[in-house]
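Enquirer: The following file, run.cif, comprises mmCIF, C-alpha atoms:
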data_query
#
loop_
_atom_site.label_atom_id
_atom_site.label_comp_id
_atom_site.auth_asym_id
_atom_site.auth_seq_id
_atom_site.Cartn_x
_atom_site.Cartn_y
_atom_site.Cartn_z
CA MET A 637 0.00 0.00 0.00
CA PHE A 638 1.04 3.65 -0.44
CA ALA A 639 2.59 5.30 2.62
CA VAL A 640 4.80 8.11 3.87
CA TYR A 641 7.38 6.79 6.31
CA ALA A 642 10.64 7.36 8.16
CA ALA A 643 13.34 5.08 6.78
CA GLU A 644 15.79 5.66 9.64
CA PRO A 645 16.47 8.27 12.32
CA ASN A 646 18.28 11.40 11.19
CA PRO A 647 18.70 13.92 14.05
CA ASP A 648 20.43 16.57 11.91
CA ASP A 649 18.41 16.41 8.69
CA PRO A 650 14.98 14.89 9.38
CA ILE A 651 13.63 15.48 5.88
CA ALA A 652 16.43 13.27 4.50
CA ALA A 653 14.90 10.33 6.41
CA LEU A 654 11.47 10.82 4.80
CA ARG A 655 10.31 8.32 2.19
CA VAL A 656 7.21 8.14 -0.01
CA GLY A 657 6.35 4.76 -1.48
CA ASP A 658 5.02 1.26 -0.87
CA ARG A 659 4.82 -0.50 2.48
CA PRO A 660 3.28 -3.90 3.36
CA GLU A 661 -0.45 -4.11 4.01
CA PRO A 662 -1.05 -4.26 7.79
CA GLN A 663 -2.35 -7.29 9.64
CA VAL A 664 -5.46 -6.76 11.79
CA PRO A 665 -5.16 -8.37 15.26
CA ASP A 666 -8.20 -9.46 17.25
CA GLY A 667 -9.93 -6.45 18.77
CA TRP A 668 -8.41 -4.07 16.23
CA VAL A 669 -9.93 -2.51 13.10
CA ALA A 670 -8.61 -1.39 9.73
CA VAL A 671 -9.38 2.22 8.82
CA ARG A 672 -9.13 3.34 5.20
CA VAL A 673 -7.59 6.77 5.64
CA ARG A 674 -9.27 9.75 3.98
CA ALA A 675 -7.26 12.50 5.68
CA ALA A 676 -4.40 12.75 8.18
CA SER A 677 -2.77 15.79 9.77
CA LEU A 678 0.88 16.57 10.39
CA ASN A 679 2.23 17.18 13.89
CA MET A 680 5.61 18.15 15.36
CA HIS A 681 5.69 14.60 16.70
CA ASP A 682 6.26 13.40 13.12
CA LEU A 683 9.38 15.54 12.80
CA TRP A 684 10.62 14.21 16.15
CA THR A 685 10.09 10.66 14.84
CA LEU A 686 12.21 11.45 11.79
CA ARG A 687 14.91 12.66 14.18
CA GLY A 688 14.66 9.41 16.16
CA VAL A 689 13.17 10.93 19.33
CA GLY A 690 10.72 8.73 21.26
CA ILE A 691 11.24 5.71 19.04
CA LYS A 692 13.71 2.84 19.21
CA PRO A 693 16.04 2.30 16.23
CA GLU A 694 14.66 -1.19 15.64
CA GLN A 695 11.16 0.29 15.07
CA PHE A 696 12.23 1.76 11.71
CA PRO A 697 10.98 1.92 9.03
CA MET A 698 7.93 3.58 10.60
CA ILE A 699 4.89 4.94 8.80
CA LEU A 700 4.33 8.46 10.09
CA GLY A 701 1.11 10.16 11.17
CA CYS A 702 -0.52 10.25 14.61
CA ASP A 703 -3.85 11.69 13.50
CA GLY A 704 -6.41 10.71 10.96
CA ALA A 705 -9.98 10.18 9.88
CA GLY A 706 -11.36 7.57 7.55
CA VAL A 707 -13.81 4.76 6.94
CA LEU A 708 -14.23 1.29 8.46
CA GLU A 709 -14.97 -1.74 6.31
CA ASP A 710 -18.70 -1.37 7.03
CA GLY A 711 -18.69 2.26 5.85
CA THR A 712 -18.68 3.90 9.30
CA GLU A 713 -16.85 7.23 9.24
CA VAL A 714 -14.42 7.53 12.15
CA VAL A 715 -11.84 9.75 13.86
CA LEU A 716 -8.69 8.23 15.32
CA HIS A 717 -7.69 8.49 18.97
CA SER A 718 -3.90 8.30 18.84
CA VAL A 719 -3.15 7.15 22.42
CA ILE A 720 -2.86 3.37 22.57
CA GLY A 721 -2.65 2.00 26.09
CA ASP A 722 -2.41 -1.30 27.89
CA PRO A 723 -5.82 -3.03 27.61
CA ALA A 724 -5.54 -3.91 31.32
CA TRP A 725 -5.11 -0.26 32.37
CA LEU A 726 -8.05 1.37 34.14
CA GLY A 727 -8.60 5.11 34.30
CA ASP A 728 -6.91 7.97 32.47
CA GLU A 729 -4.97 6.35 29.64
CA THR A 730 -2.58 9.32 29.39
CA LEU A 731 -1.18 8.22 32.78
CA ASP A 732 -0.63 4.61 31.71
CA PRO A 733 3.17 4.07 31.88
CA ARG A 734 2.86 1.62 28.97
CA ARG A 735 0.88 3.95 26.74
CA THR A 736 2.20 4.78 23.30
CA LEU A 737 1.18 6.88 20.32
CA LEU A 738 0.78 5.84 16.74
CA THR A 739 4.26 6.03 15.11
CA GLU A 740 6.11 5.11 18.32
CA LYS A 741 5.36 1.39 18.37
CA HIS A 742 2.50 1.00 15.89
CA GLN A 743 2.51 2.13 12.27
CA GLY A 744 0.89 5.50 11.63
CA SER A 745 -1.85 7.07 9.56
CA PHE A 746 0.04 8.46 6.54
CA ALA A 747 -0.99 5.46 4.48
CA ASP A 748 -3.90 3.95 2.59
CA VAL A 749 -4.83 1.92 5.70
CA VAL A 750 -4.05 2.23 9.41
CA VAL A 751 -4.84 -0.39 12.05
CA VAL A 752 -5.93 0.66 15.56
CA PRO A 753 -7.73 -0.90 18.55
CA ALA A 754 -11.49 -0.79 17.95
CA ARG A 755 -11.99 1.63 20.86
CA ASN A 756 -9.61 4.09 19.18
CA ALA A 757 -11.94 4.63 16.22
CA LEU A 758 -14.65 7.12 17.27
CA PRO A 759 -17.68 8.09 15.17
CA LYS A 760 -17.03 11.18 13.06
CA PRO A 761 -19.66 13.95 13.32
CA ALA A 762 -21.61 14.09 10.07
CA GLY A 763 -21.10 17.83 9.72
CA MET A 764 -17.32 17.64 9.99
CA SER A 765 -15.18 17.02 6.92
CA PHE A 766 -12.53 14.31 6.93
CA ALA A 767 -9.80 16.99 6.76
CA GLU A 768 -11.27 18.79 9.78
CA ALA A 769 -11.73 15.55 11.71
CA ALA A 770 -8.11 14.59 11.02
CA CYS A 771 -6.98 17.55 13.16
CA MET A 772 -8.86 16.46 16.28
CA GLY A 773 -6.83 13.60 17.75
CA THR A 774 -3.59 15.36 18.68
CA ALA A 775 -3.54 19.17 18.35
CA TRP A 776 -7.18 19.84 19.19
CA LEU A 777 -7.38 17.14 21.86
CA THR A 778 -4.20 18.49 23.46
CA ALA A 779 -5.69 21.99 23.50
CA TYR A 780 -9.02 20.73 24.87
CA ARG A 781 -7.35 18.94 27.78
CA MET A 782 -5.08 21.91 28.52
CA LEU A 783 -8.01 24.31 28.69
CA PHE A 784 -10.92 22.32 30.09
CA VAL A 785 -9.23 19.60 32.16
CA LYS A 786 -5.98 21.13 33.41
CA SER A 787 -6.30 24.92 33.64
CA GLY A 788 -9.34 25.40 35.87
CA LEU A 789 -10.11 28.67 34.08
CA ARG A 790 -13.69 29.94 33.99
CA PRO A 791 -15.63 31.86 31.34
CA GLY A 792 -14.85 35.55 31.71
CA GLN A 793 -11.24 35.05 32.79
CA THR A 794 -8.27 35.94 30.61
CA MET A 795 -6.00 33.41 28.92
CA LEU A 796 -2.75 34.03 27.06
CA VAL A 797 -1.69 31.74 24.23
CA GLN A 798 2.02 31.87 23.45
CA GLY A 799 2.36 31.53 19.68
CA ALA A 800 -0.33 32.38 17.19
CA SER A 801 -0.23 29.93 14.32
CA GLY A 802 0.55 26.33 15.34
CA GLY A 803 -2.04 23.59 15.54
CA VAL A 804 -2.40 23.58 19.34
CA SER A 805 -2.32 27.39 19.52
CA THR A 806 -5.02 27.91 16.90
CA ALA A 807 -7.16 25.28 18.63
CA LEU A 808 -6.74 27.05 21.98
CA ILE A 809 -7.85 30.34 20.44
CA GLU A 810 -11.03 28.87 18.97
CA LEU A 811 -11.88 26.75 22.01
CA GLY A 812 -11.26 29.61 24.44
CA ARG A 813 -13.38 32.04 22.45
CA ALA A 814 -16.22 29.53 22.12
CA ALA A 815 -16.10 28.86 25.89
CA GLY A 816 -16.42 32.53 26.85
CA LEU A 817 -12.87 33.33 27.92
CA ARG A 818 -11.02 36.52 26.98
CA VAL A 819 -8.32 35.28 24.61
CA TRP A 820 -4.98 37.08 24.24
CA VAL A 821 -2.30 35.77 21.90
CA THR A 822 1.35 36.53 21.12
CA GLY A 823 2.80 36.11 17.65
CA ARG A 824 6.16 36.74 16.01
CA THR A 825 4.79 38.38 12.86
CA GLU A 826 1.93 40.65 11.88
CA GLU A 827 0.56 37.87 9.66
CA LYS A 828 0.46 35.37 12.51
CA ARG A 829 -1.22 37.88 14.81
CA ALA A 830 -3.80 38.69 12.13
CA LEU A 831 -4.57 34.97 11.83
CA ALA A 832 -5.17 34.76 15.59
CA GLU A 833 -7.57 37.70 15.41
CA ARG A 834 -9.49 36.07 12.55
CA LEU A 835 -9.85 32.94 14.68
CA GLY A 836 -11.35 34.91 17.57
CA ALA A 837 -8.52 36.35 19.67
CA HIS A 838 -9.69 39.46 21.52
CA ALA A 839 -6.21 41.00 21.41
CA THR A 840 -2.79 40.10 20.01
CA PHE A 841 0.71 41.21 20.97
CA GLU A 842 4.25 40.91 19.71
CA SER A 843 6.24 38.12 21.32
CA GLY A 844 7.52 39.27 24.70
CA ALA A 845 5.48 42.48 24.72
CA ARG A 846 4.29 44.02 27.97
CA LEU A 847 0.61 43.18 28.42
CA PRO A 848 -2.07 45.68 29.53
CA GLU A 849 -2.69 43.58 32.64
CA ARG A 850 -1.76 40.19 34.05
CA VAL A 851 -3.69 37.11 33.00
CA ASP A 852 -5.31 34.18 34.80
CA GLY A 853 -3.63 31.47 32.74
CA VAL A 854 -0.92 31.00 30.11
CA PHE A 855 -0.83 28.17 27.59
CA GLU A 856 2.70 27.14 26.63
CA THR A 857 3.91 25.03 23.72
CA VAL A 858 7.00 27.13 22.88
CA GLY A 859 9.16 26.67 25.97
CA LYS A 860 12.49 28.40 26.50
CA ALA A 861 11.90 31.37 24.16
CA THR A 862 8.67 32.48 25.85
CA TRP A 863 8.96 31.09 29.40
CA ALA A 864 10.17 34.27 31.12
CA HIS A 865 7.35 36.24 29.51
CA SER A 866 4.81 33.59 30.55
CA MET A 867 5.94 33.82 34.17
CA ARG A 868 5.78 37.64 34.17
CA ALA A 869 2.35 37.62 32.54
CA LEU A 870 0.59 35.75 35.36
CA LYS A 871 -1.54 37.16 38.15
CA PRO A 872 -0.71 35.94 41.66
CA GLY A 873 -2.08 32.42 41.92
CA GLY A 874 -2.22 32.05 38.15
CA ILE A 875 -1.42 28.93 36.16
CA ILE A 876 0.79 27.96 33.23
CA VAL A 877 -0.29 24.84 31.36
CA VAL A 878 2.55 23.30 29.32
CA SER A 879 2.21 20.75 26.54
CA GLY A 880 5.36 21.36 24.53
CA SER A 881 8.76 23.04 24.34
CA THR A 882 9.54 23.54 20.66
CA SER A 883 12.18 26.22 21.35
CA GLY A 884 13.92 24.25 24.09
CA PRO A 885 13.03 22.45 27.34
CA ASP A 886 15.34 24.17 29.83
CA PRO A 887 14.43 27.78 30.69
CA SER A 888 15.13 29.35 34.08
CA ALA A 889 12.45 28.15 36.49
CA ASP A 890 12.24 31.64 38.10
CA LEU A 891 11.56 29.97 41.45
CA GLN A 892 11.39 33.19 43.47
CA ARG A 893 8.51 34.46 41.36
CA LEU A 894 6.95 30.99 41.43
CA PHE A 895 6.74 30.68 45.21
CA PHE A 896 6.26 34.35 46.12
CA LEU A 897 3.26 34.79 43.77
CA GLN A 898 2.08 31.21 44.40
CA LEU A 899 2.03 30.42 40.70
CA ARG A 900 1.18 26.98 39.39
CA VAL A 901 2.83 25.07 36.53
CA VAL A 902 0.97 22.05 35.18
CA GLY A 903 1.98 19.60 32.48
CA SER A 904 -0.50 18.21 29.98
CA THR A 905 -0.16 15.48 27.38
CA MET A 906 -2.69 14.54 24.69
CA GLY A 907 -6.08 13.49 26.11
CA THR A 908 -8.32 10.51 26.83
CA ARG A 909 -10.75 8.78 24.51
CA ASP A 910 -13.67 10.24 26.48
CA GLU A 911 -12.19 13.73 26.18
CA LEU A 912 -11.91 13.27 22.42
CA ALA A 913 -15.57 12.24 22.30
CA ASP A 914 -16.47 15.36 24.31
CA LEU A 915 -14.35 17.53 22.01
CA LEU A 916 -16.11 16.18 18.93
CA ARG A 917 -19.50 16.93 20.50
CA PHE A 918 -18.32 20.42 21.50
CA CYS A 919 -17.25 21.20 17.95
CA ASP A 920 -20.47 19.74 16.57
CA THR A 921 -22.58 21.82 18.98
CA THR A 922 -20.73 25.13 18.59
CA GLY A 923 -19.85 24.81 14.91
CA ILE A 924 -16.17 25.65 15.44
CA ARG A 925 -13.73 23.97 13.10
CA PRO A 926 -9.94 23.71 12.93
CA GLN A 927 -7.91 26.22 10.99
CA ILE A 928 -6.32 24.34 8.09
CA GLY A 929 -3.42 26.28 6.67
CA THR A 930 -2.27 23.78 4.03
CA GLU A 931 -4.05 20.83 2.44
CA LEU A 932 -2.02 18.54 0.18
CA PRO A 933 -2.40 15.09 -1.36
CA LEU A 934 -0.41 12.52 0.59
CA ASP A 935 2.07 12.00 -2.24
CA ARG A 936 3.19 15.64 -1.74
CA ALA A 937 3.82 15.15 1.97
CA GLN A 938 7.42 16.34 1.79
CA GLU A 939 6.17 19.86 1.01
CA GLY A 940 4.16 19.85 4.23
CA PHE A 941 7.07 18.55 6.31
CA THR A 942 9.35 21.23 4.87
CA GLU A 943 6.78 23.92 5.70
CA MET A 944 6.48 22.73 9.30
CA LEU A 945 10.25 22.46 9.76
CA ALA A 946 10.60 26.08 8.61
CA GLY A 947 7.93 27.21 11.07
CA ASP A 948 5.91 28.60 8.18
CA THR A 949 2.51 27.43 9.40
CA ALA A 950 -0.90 29.10 9.50
CA GLY A 951 -2.90 26.37 11.18
CA LYS A 952 -2.89 22.63 10.57
CA ILE A 953 -1.18 20.87 7.66
CA VAL A 954 -3.42 18.10 6.35
CA PHE A 955 -2.76 15.32 3.84
CA THR A 956 -5.68 13.77 1.94
CA ARG A 957 -6.28 10.57 0.00
#
As C-alpha cells, please, write out the structure in this file.

Expert:
Amino acid sequence: MFAVYAAEPNPDDPIAALRVGDRPEPQVPDGWVAVRVRAASLNMHDLWTLRGVGIKPEQFPMILGCDGAGVLEDGTEVVLHSVIGDPAWLGDETLDPRRTLLTEKHQGSFADVVVVPARNALPKPAGMSFAEAACMGTAWLTAYRMLFVKSGLRPGQTMLVQGASGGVSTALIELGRAAGLRVWVTGRTEEKRALAERLGAHATFESGARLPERVDGVFETVGKATWAHSMRALKPGGIIVVSGSTSGPDPSADLQRLFFLQLRVVGSTMGTRDELADLLRFCDTTGIRPQIGTELPLDRAQEGFTEMLAGDTAGKIVFTR
C-alpha cells in the first residue's frame, strides 16, 4: 500500500529520512480494526520521529502520522484516537506508563490503511469534513485537555496563548473564544497575529510584549523562548499549562517568582478517549472547526514537512487521499 514513512532516524536532517512509497499491508489483530484513511494531519511529533526521538532504532521503518480520519470496512466514518494504552489499564490512559502513540510502536496514519484498537476509532460527526476531523486527535485534543481539564479557568477570565499559528495554539484560540474566555495571543509576525484575530482572539501582541494587565492562565507550547514572559504575565495564583517546548526544554524556572506569587505550573499530554468524544461533541454543537493552513495530497507530503520544519505554518497541515 502507499505510505509516507521514516526510513531511519536522522537527528540533523529529518527530511532526508522521509520516504514516499510502498509499504506492506497491515495485519489486523483481534480487537483491532482497519481504517481506510481519507485525511491525516501533520504534527511536530512526526518531525521528532524522523529525528529518532521517542522511538527505538529497531522500530524503523515507521509509517508516520498520529492523526487521521477515515472509513471502516462497514462504511462507518471515524476519527482516530492516537493514544494506545495497555488493555488492562483502568482510568486515564494518558497516565498509563505503557501507553504509546501511533508512530512510536504502531505504524501510523500516513498510508492507505491504518490499524488501531477498535476503541480508538470514534464516530465522526456528520457535519465535519474528513480533513477537519483529522486535526482532532492530537492538536485539538491536546488543546481541549489543557483548557478544560488542566487549567481550571472559567468563562470571563483571561487566557494568554504563546504563539499564534501552530495547531495547538489555533485550537486554543477557537476553544477559548467559544467557551467565553477573553483570549490574548502573542505572535512573532503581523501575519500570525492577524490569523489569531481572525480565529477569535480578543487581542494580540508581539512576542515578549508588555501586556495591559496580568492574566489568569498562560498556555505554553513554545518553551524556552517564551517562558520568562509567561511567568511575568501571570496574576498571583495564576497557572501555566505546558504541553510542549519547541524552542527548548530548559528555561530558568524563576523559582522566586513561582513561590512568592504562588504560581502553578501544570503539564498536559494529549487526552483521553472520552475527552476526544467530548471535544467532537463540543465542535459539533458550537460549529467551530480547525484552521487548516495547508491541504495537500499525501504524495506531496514532503512539502508539508518542509513547511512545518521552517515554522511557516498558518494552522494545521493536512494530507488527503

Enquirer: Nearest to Ala815 in chain A among A:Trp863, A:Phe841, A:Phe784, A:Trp725, with distances taken over all atoms listed in the file: which residue is it?

Expert: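 Residue with the minimum atom-to-atom distance to Ala815 in chain A: A:Phe784.
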
Enquirer: Can you spell out as a PyMOL selection string the set of residues that the PyMOL selection byres ((chain A and resi 808) around 9) selects in the structure I just provided?

Expert: chain A and resi 776+779-780+782-783+797+803-807+809-813+819+855

Enquirer: For the provided coordinates, the residues matched by the PyMOL selection byres ((chain A and resi 707-719) around 6) should be stated as a VMD selection string.

Expert: chain A and resid 671 to 672 702 704 to 706 720 736 to 738 756 to 760 773

Enquirer: Around (-5.2, 29.9, 38.3), as given in the file, which residues come within 8 Å? Count only C-alpha atoms and list them as a PyMOL selection string.

Expert: chain A and resi 787-789+852-853+873-875+899-900

Enquirer: Expressed in Å to a single decimal, how great is the separation between CA of Phe941 in chain A and CA of Phe696 in chain A?

Expert: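 Atom-to-atom, CA of Phe941 in chain A to CA of Phe696 in chain A, that is 18.4 Å.
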
Enquirer: Excluding Ser883 in chain A and any residue of its chain fewer than 5 positions from it, enumerate the residues within 9 Å of it, using all atoms listed in the file, and give them as a VMD selection string.

Expert: chain A and resid 857 to 862

Enquirer: Mind giving me the straight-line distance from CA of Met906 in chain A to CA of Tyr641 in chain A in Å, one decimal?

Expert: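 CA of Met906 in chain A sits 22.3 Å away from CA of Tyr641 in chain A.
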
Enquirer: Can you pull range 724-737 of chain A out of that block with all heavy atoms and hand it back as a PDB file, in the first residue's frame?

Expert:
ATOM      1  N   ALA A 724      -5.242  -3.639  29.915  1.00  0.00           N
ATOM      2  CA  ALA A 724      -5.542  -3.911  31.324  1.00  0.00           C
ATOM      3  C   ALA A 724      -5.581  -2.645  32.174  1.00  0.00           C
ATOM      4  O   ALA A 724      -5.969  -2.692  33.342  1.00  0.00           O
ATOM      5  CB  ALA A 724      -4.505  -4.878  31.904  1.00  0.00           C
ATOM      6  N   TRP A 725      -5.173  -1.500  31.597  1.00  0.00           N
ATOM      7  CA  TRP A 725      -5.109  -0.264  32.371  1.00  0.00           C
ATOM      8  C   TRP A 725      -6.510   0.286  32.596  1.00  0.00           C
ATOM      9  O   TRP A 725      -7.327   0.337  31.671  1.00  0.00           O
ATOM     10  CB  TRP A 725      -4.263   0.766  31.629  1.00  0.00           C
ATOM     11  CG  TRP A 725      -4.187   2.103  32.313  1.00  0.00           C
ATOM     12  CD1 TRP A 725      -4.923   3.216  32.052  1.00  0.00           C
ATOM     13  CD2 TRP A 725      -3.315   2.460  33.392  1.00  0.00           C
ATOM     14  NE1 TRP A 725      -4.571   4.238  32.881  1.00  0.00           N
ATOM     15  CE2 TRP A 725      -3.584   3.815  33.721  1.00  0.00           C
ATOM     16  CE3 TRP A 725      -2.324   1.781  34.099  1.00  0.00           C
ATOM     17  CZ2 TRP A 725      -2.901   4.482  34.733  1.00  0.00           C
ATOM     18  CZ3 TRP A 725      -1.652   2.448  35.110  1.00  0.00           C
ATOM     19  CH2 TRP A 725      -1.935   3.782  35.411  1.00  0.00           C
ATOM     20  N   LEU A 726      -6.780   0.738  33.810  1.00  0.00           N
ATOM     21  CA  LEU A 726      -8.053   1.368  34.138  1.00  0.00           C
ATOM     22  C   LEU A 726      -7.818   2.839  34.444  1.00  0.00           C
ATOM     23  O   LEU A 726      -6.842   3.197  35.102  1.00  0.00           O
ATOM     24  CB  LEU A 726      -8.710   0.675  35.339  1.00  0.00           C
ATOM     25  CG  LEU A 726      -9.051  -0.812  35.171  1.00  0.00           C
ATOM     26  CD1 LEU A 726      -9.609  -1.380  36.465  1.00  0.00           C
ATOM     27  CD2 LEU A 726     -10.038  -1.012  34.022  1.00  0.00           C
ATOM     28  N   GLY A 727      -8.724   3.696  34.011  1.00  0.00           N
ATOM     29  CA  GLY A 727      -8.601   5.114  34.300  1.00  0.00           C
ATOM     30  C   GLY A 727      -8.014   5.892  33.135  1.00  0.00           C
ATOM     31  O   GLY A 727      -8.077   5.471  31.971  1.00  0.00           O
ATOM     32  N   ASP A 728      -7.457   7.038  33.449  1.00  0.00           N
ATOM     33  CA  ASP A 728      -6.913   7.969  32.471  1.00  0.00           C
ATOM     34  C   ASP A 728      -5.769   7.315  31.696  1.00  0.00           C
ATOM     35  O   ASP A 728      -4.694   7.063  32.247  1.00  0.00           O
ATOM     36  CB  ASP A 728      -6.425   9.223  33.210  1.00  0.00           C
ATOM     37  CG  ASP A 728      -5.923  10.319  32.286  1.00  0.00           C
ATOM     38  OD1 ASP A 728      -5.560  10.026  31.139  1.00  0.00           O
ATOM     39  OD2 ASP A 728      -5.885  11.473  32.737  1.00  0.00           O
ATOM     40  N   GLU A 729      -5.988   7.072  30.408  1.00  0.00           N
ATOM     41  CA  GLU A 729      -4.966   6.348  29.644  1.00  0.00           C
ATOM     42  C   GLU A 729      -3.716   7.183  29.389  1.00  0.00           C
ATOM     43  O   GLU A 729      -2.659   6.632  29.062  1.00  0.00           O
ATOM     44  CB  GLU A 729      -5.527   5.818  28.319  1.00  0.00           C
ATOM     45  CG  GLU A 729      -6.162   6.829  27.400  1.00  0.00           C
ATOM     46  CD  GLU A 729      -7.664   6.895  27.541  1.00  0.00           C
ATOM     47  OE1 GLU A 729      -8.160   6.914  28.686  1.00  0.00           O
ATOM     48  OE2 GLU A 729      -8.356   6.952  26.504  1.00  0.00           O
ATOM     49  N   THR A 730      -3.790   8.517  29.553  1.00  0.00           N
ATOM     50  CA  THR A 730      -2.578   9.316  29.389  1.00  0.00           C
ATOM     51  C   THR A 730      -1.592   9.121  30.531  1.00  0.00           C
ATOM     52  O   THR A 730      -0.433   9.524  30.432  1.00  0.00           O
ATOM     53  CB  THR A 730      -2.911  10.812  29.268  1.00  0.00           C
ATOM     54  OG1 THR A 730      -3.410  11.299  30.520  1.00  0.00           O
ATOM     55  CG2 THR A 730      -3.929  11.071  28.174  1.00  0.00           C
ATOM     56  N   LEU A 731      -2.054   8.511  31.642  1.00  0.00           N
ATOM     57  CA  LEU A 731      -1.183   8.225  32.779  1.00  0.00           C
ATOM     58  C   LEU A 731      -0.664   6.788  32.781  1.00  0.00           C
ATOM     59  O   LEU A 731       0.127   6.418  33.653  1.00  0.00           O
ATOM     60  CB  LEU A 731      -1.933   8.498  34.090  1.00  0.00           C
ATOM     61  CG  LEU A 731      -2.441   9.929  34.281  1.00  0.00           C
ATOM     62  CD1 LEU A 731      -3.226  10.044  35.585  1.00  0.00           C
ATOM     63  CD2 LEU A 731      -1.298  10.926  34.243  1.00  0.00           C
ATOM     64  N   ASP A 732      -1.092   5.992  31.831  1.00  0.00           N
ATOM     65  CA  ASP A 732      -0.627   4.609  31.710  1.00  0.00           C
ATOM     66  C   ASP A 732       0.861   4.614  31.352  1.00  0.00           C
ATOM     67  O   ASP A 732       1.245   5.137  30.304  1.00  0.00           O
ATOM     68  CB  ASP A 732      -1.444   3.916  30.612  1.00  0.00           C
ATOM     69  CG  ASP A 732      -0.995   2.501  30.323  1.00  0.00           C
ATOM     70  OD1 ASP A 732      -0.061   1.998  30.984  1.00  0.00           O
ATOM     71  OD2 ASP A 732      -1.593   1.885  29.415  1.00  0.00           O
ATOM     72  N   PRO A 733       1.734   4.054  32.193  1.00  0.00           N
ATOM     73  CA  PRO A 733       3.165   4.068  31.875  1.00  0.00           C
ATOM     74  C   PRO A 733       3.518   3.267  30.627  1.00  0.00           C
ATOM     75  O   PRO A 733       4.604   3.447  30.069  1.00  0.00           O
ATOM     76  CB  PRO A 733       3.816   3.465  33.130  1.00  0.00           C
ATOM     77  CG  PRO A 733       2.727   2.696  33.810  1.00  0.00           C
ATOM     78  CD  PRO A 733       1.451   3.405  33.496  1.00  0.00           C
ATOM     79  N   ARG A 734       2.601   2.415  30.172  1.00  0.00           N
ATOM     80  CA  ARG A 734       2.861   1.622  28.972  1.00  0.00           C
ATOM     81  C   ARG A 734       2.153   2.176  27.738  1.00  0.00           C
ATOM     82  O   ARG A 734       2.139   1.550  26.688  1.00  0.00           O
ATOM     83  CB  ARG A 734       2.423   0.172  29.215  1.00  0.00           C
ATOM     84  CG  ARG A 734       3.190  -0.511  30.355  1.00  0.00           C
ATOM     85  CD  ARG A 734       2.787  -1.950  30.535  1.00  0.00           C
ATOM     86  NE  ARG A 734       3.153  -2.759  29.387  1.00  0.00           N
ATOM     87  CZ  ARG A 734       2.869  -4.057  29.251  1.00  0.00           C
ATOM     88  NH1 ARG A 734       2.217  -4.685  30.237  1.00  0.00           N
ATOM     89  NH2 ARG A 734       3.226  -4.720  28.186  1.00  0.00           N
ATOM     90  N   ARG A 735       1.576   3.369  27.884  1.00  0.00           N
ATOM     91  CA  ARG A 735       0.882   3.955  26.740  1.00  0.00           C
ATOM     92  C   ARG A 735       1.884   4.288  25.634  1.00  0.00           C
ATOM     93  O   ARG A 735       3.078   4.497  25.891  1.00  0.00           O
ATOM     94  CB  ARG A 735       0.142   5.231  27.144  1.00  0.00           C
ATOM     95  CG  ARG A 735       1.048   6.426  27.332  1.00  0.00           C
ATOM     96  CD  ARG A 735       0.319   7.641  27.843  1.00  0.00           C
ATOM     97  NE  ARG A 735       1.175   8.822  27.886  1.00  0.00           N
ATOM     98  CZ  ARG A 735       2.045   9.107  28.823  1.00  0.00           C
ATOM     99  NH1 ARG A 735       2.210   8.276  29.841  1.00  0.00           N
ATOM    100  NH2 ARG A 735       2.770  10.208  28.770  1.00  0.00           N
ATOM    101  N   THR A 736       1.373   4.367  24.427  1.00  0.00           N
ATOM    102  CA  THR A 736       2.196   4.775  23.299  1.00  0.00           C
ATOM    103  C   THR A 736       1.303   5.524  22.319  1.00  0.00           C
ATOM    104  O   THR A 736       0.073   5.503  22.436  1.00  0.00           O
ATOM    105  CB  THR A 736       2.846   3.556  22.627  1.00  0.00           C
ATOM    106  OG1 THR A 736       3.740   4.005  21.601  1.00  0.00           O
ATOM    107  CG2 THR A 736       1.812   2.635  22.001  1.00  0.00           C
ATOM    108  N   LEU A 737       1.917   6.211  21.382  1.00  0.00           N
ATOM    109  CA  LEU A 737       1.184   6.883  20.319  1.00  0.00           C
ATOM    110  C   LEU A 737       1.425   6.135  19.014  1.00  0.00           C
ATOM    111  O   LEU A 737       2.443   5.455  18.848  1.00  0.00           O
ATOM    112  CB  LEU A 737       1.660   8.329  20.152  1.00  0.00           C
ATOM    113  CG  LEU A 737       1.481   9.296  21.308  1.00  0.00           C
ATOM    114  CD1 LEU A 737       1.981  10.682  20.886  1.00  0.00           C
ATOM    115  CD2 LEU A 737       0.031   9.373  21.737  1.00  0.00           C
TER     116      LEU A 737
END
